Amino acid sequence: MKKLLVAVLLGASMLAQAADKLVVGASPTPHAELLEHLKPMLLKDGVELEIKVYTDYVQPNVQLVEKRIDANFFQHQPYMNEFNKSRGASVQVVANVLIAPFGAYSKKITKIGDLKDGAVIAIPNDAVNGGRALQLLDQAKIIKLADPKNNMATEKDITQNTKNIKIRQLEAPMLPRVLGEVDLAVINTTFALEAKLSPSKDALIVESGESNYVNLLAARADNKDSPAMKKLAAALQSPESKKFILERFQGNLVPAF
């Protein structure tokens, strides 16, 4: 019995030593949840996954560029492009994984038609997600933008605002917390799900049609084609991953592969 135990422990030790390690930064929900679900499958494939959870949208890219983590899974390409442009960085796409539709939520009204004159709408304060929020408000005909396809739209691009809507910009994680203080809040699905808000059930308006905002696995140029990274990408785009996304998030997220 003792010999058998020693053999099992030795085998586990050898497996751990043989595995390539990847440290991946992720938002808590849904990204870290999906990675946790895939950890056993990856370990069998020779990849030991360490997940570092971030609650902001800046550090995962900063830490990646500084080589403190190997990859991240939290952002869409427009956000990544803006980060690269503003920081002179070269974060790169490894694999498209899922679409997390933006939604607008309220504790004061039950339908968009009830939005009053002078209503306050809270949106994310980063350039890309702020523009995305304004696009959603344009889609719902709450405002009109000069160019509805402009991912970087700002308040200056609003050409029509018949209800005299007041835009309040806040850090994305703060938006669910101020829901009772504003008339409407446009919230990233990551933070909506953490706050127990369902885009498919609770959002008064939600993004429709094809989305340019596919959440992706990102890495650096020096490691994005490594064998371990390719295995992680394959796992994220596997039938097991698709099943988890559909069953765990019940239509609030859409696989993008």
# chains A, B, ... in the order shown; residues from 1 in each chain; ligands from 1

$ select_by_dssp --residues "stretch 73-116 of chain A" --states "strand (DSSP E or B)" --output "PDB file with C-alpha atoms, in the first residue's frame"
ATOM      1  CA  PHE A  73      -8.835  37.015 -21.066  1.00  0.00           C
ATOM      2  CA  PHE A  74     -11.150  39.944 -20.358  1.00  0.00           C
ATOM      3  CA  GLN A  75     -11.251  42.383 -23.278  1.00  0.00           C
ATOM      4  CA  HIS A  76     -12.556  42.872 -26.803  1.00  0.00           C
ATOM      5  CA  GLN A  92      -2.127  40.606 -29.731  1.00  0.00           C
ATOM      6  CA  VAL A  93      -5.171  38.431 -30.351  1.00  0.00           C
ATOM      7  CA  VAL A  94      -4.723  34.704 -29.784  1.00  0.00           C
ATOM      8  CA  ALA A  95      -8.329  33.490 -30.031  1.00  0.00           C
ATOM      9  CA  ASN A  96     -11.875  34.840 -30.118  1.00  0.00           C
ATOM     10  CA  VAL A  97     -13.987  33.249 -27.393  1.00  0.00           C
ATOM     11  CA  LEU A  98     -17.319  34.844 -26.510  1.00  0.00           C
ATOM     12  CA  ILE A  99     -19.612  37.818 -26.936  1.00  0.00           C
ATOM     13  CA  GLY A 103     -27.094  46.091 -21.581  1.00  0.00           C
ATOM     14  CA  ALA A 104     -28.831  49.099 -20.007  1.00  0.00           C
ATOM     15  CA  TYR A 105     -30.452  48.587 -16.608  1.00  0.00           C
TER      16      TYR A 105
END

$ closest_atom_pairs --of "stretch 193-246 of chain A" --to "stretch 116-140 of chain A" --cutoff "8 Å" --atoms "only C-alpha atoms" --output "JSON lines"
{"residue": "A:Ile205", "atom": "CA", "partner": "A:Ala140", "partner_atom": "CA", "distance": 7.0}
{"residue": "A:Val206", "atom": "CA", "partner": "A:Leu136", "partner_atom": "CA", "distance": 7.3}
{"residue": "A:Glu207", "atom": "CA", "partner": "A:Leu136", "partner_atom": "CA", "distance": 6.4}

$ closest_residue --among "A:Glu82, A:Ala233, A:Gln77, A:Lys21" --to "A:Met152" --atoms "only C-alpha atoms"
A:Glu82

$ residues_around --residues "stretch 189-194 of chain A" --least-positions-apart "6" --cutoff "10 Å" --atoms "only C-alpha atoms" --output "mmCIF file with C-alpha atoms, in the first residue's frame"
data_model
loop_
_atom_site.group_PDB
_atom_site.id
_atom_site.type_symbol
_atom_site.label_atom_id
_atom_site.label_comp_id
_atom_site.auth_asym_id
_atom_site.auth_seq_id
_atom_site.Cartn_x
_atom_site.Cartn_y
_atom_site.Cartn_z
ATOM 1 C CA SER A 27 -12.071 39.234 -15.003
ATOM 2 C CA PRO A 28 -13.953 37.256 -12.315
ATOM 3 C CA THR A 29 -17.100 36.532 -14.343
ATOM 4 C CA PRO A 30 -17.354 34.956 -16.839
ATOM 5 C CA HIS A 31 -13.701 34.761 -17.829
ATOM 6 C CA THR A 55 -11.440 43.683 -11.118
ATOM 7 C CA PHE A 74 -11.150 39.944 -20.358
ATOM 8 C CA ILE A 99 -19.612 37.818 -26.936
ATOM 9 C CA ALA A 100 -20.908 39.511 -23.799
ATOM 10 C CA PRO A 101 -23.700 41.864 -24.940
ATOM 11 C CA PHE A 102 -23.844 45.324 -23.358
ATOM 12 C CA GLY A 103 -27.094 46.091 -21.581
ATOM 13 C CA ALA A 104 -28.831 49.099 -20.007
ATOM 14 C CA TYR A 105 -30.452 48.587 -16.608
ATOM 15 C CA ALA A 172 -17.041 50.333 -15.215
ATOM 16 C CA PRO A 173 -16.978 48.328 -11.924
ATOM 17 C CA MET A 174 -18.877 51.158 -10.189
ATOM 18 C CA LEU A 175 -21.882 51.118 -12.501
ATOM 19 C CA PRO A 176 -23.957 48.387 -10.788
ATOM 20 C CA ARG A 177 -23.409 50.134 -7.440
ATOM 21 C CA ASP A 202 -33.104 42.391 -16.728
ATOM 22 C CA ALA A 203 -31.731 44.722 -19.395
ATOM 23 C CA PHE A 249 -24.738 31.663 -18.489
ATOM 24 C CA ASN A 252 -26.431 35.892 -21.459
ATOM 25 C CA LEU A 253 -23.195 35.070 -23.303
#

$ closest_residue --among "A:Val178, A:Ile158, A:Ala19, A:Ala219" --to "A:Pro40" --atoms "only C-alpha atoms"
A:Ala19

$ closest_residue --among "A:Ser106, A:Val182, A:Asn84, A:Arg220" --to "A:Glu66" --atoms "only C-alpha atoms"
A:Arg220

$ closest_residue --among "A:Tyr213, A:Glu240, A:Ala234, A:Val254" --to "A:Asn81" --atoms "only C-alpha atoms"
A:Tyr213

$ atom_distance --atom1 "atom CA of A:Leu43" --atom2 "atom CA of A:Ser226"
16.0 Å

$ closest_residue --among "A:Leu179, A:Asn61, A:Ile142, A:Gly88" --to "A:Ile165" --atoms "only C-alpha atoms"
A:Ile142

$ closest_residue --among "A:Ala185, A:Leu115, A:Ile69, A:Met229" --to "A:Asp45" --atoms "only C-alpha atoms"
A:Met229

$ residues_around --residues "A:Met41" --least-positions-apart "5" --cutoff "10 Å" --atoms "only C-alpha atoms" --output "ChimeraX atom specification"
/A:36,46-48,232,235,240

$ write_last_selection --atoms "C-alpha atoms" --output "CSV table (one decimal), in the first residue's frame"
chain,number,residue,atom,x,y,z
A,36,GLU,CA,-11.3,27.4,-13.9
A,46,GLY,CA,0.3,19.2,-20.3
A,47,VAL,CA,-0.6,22.8,-19.4
A,48,GLU,CA,-0.8,24.0,-15.8
A,232,LEU,CA,-5.2,27.1,-24.1
A,235,ALA,CA,-9.5,24.6,-25.0
A,240,GLU,CA,-16.5,21.7,-23.7

$ select_by_dssp --residues "stretch 57-158 of chain A" --states "helix (DSSP H, G or I)" --output "count of residues only"
37

$ atom_distance --atom1 "atom CA of A:Lys52" --atom2 "atom CA of A:Gly25"
4.6 Å

$ atom_distance --atom1 "atom CA of A:Ser90" --atom2 "atom CA of A:Leu216"
14.9 Å
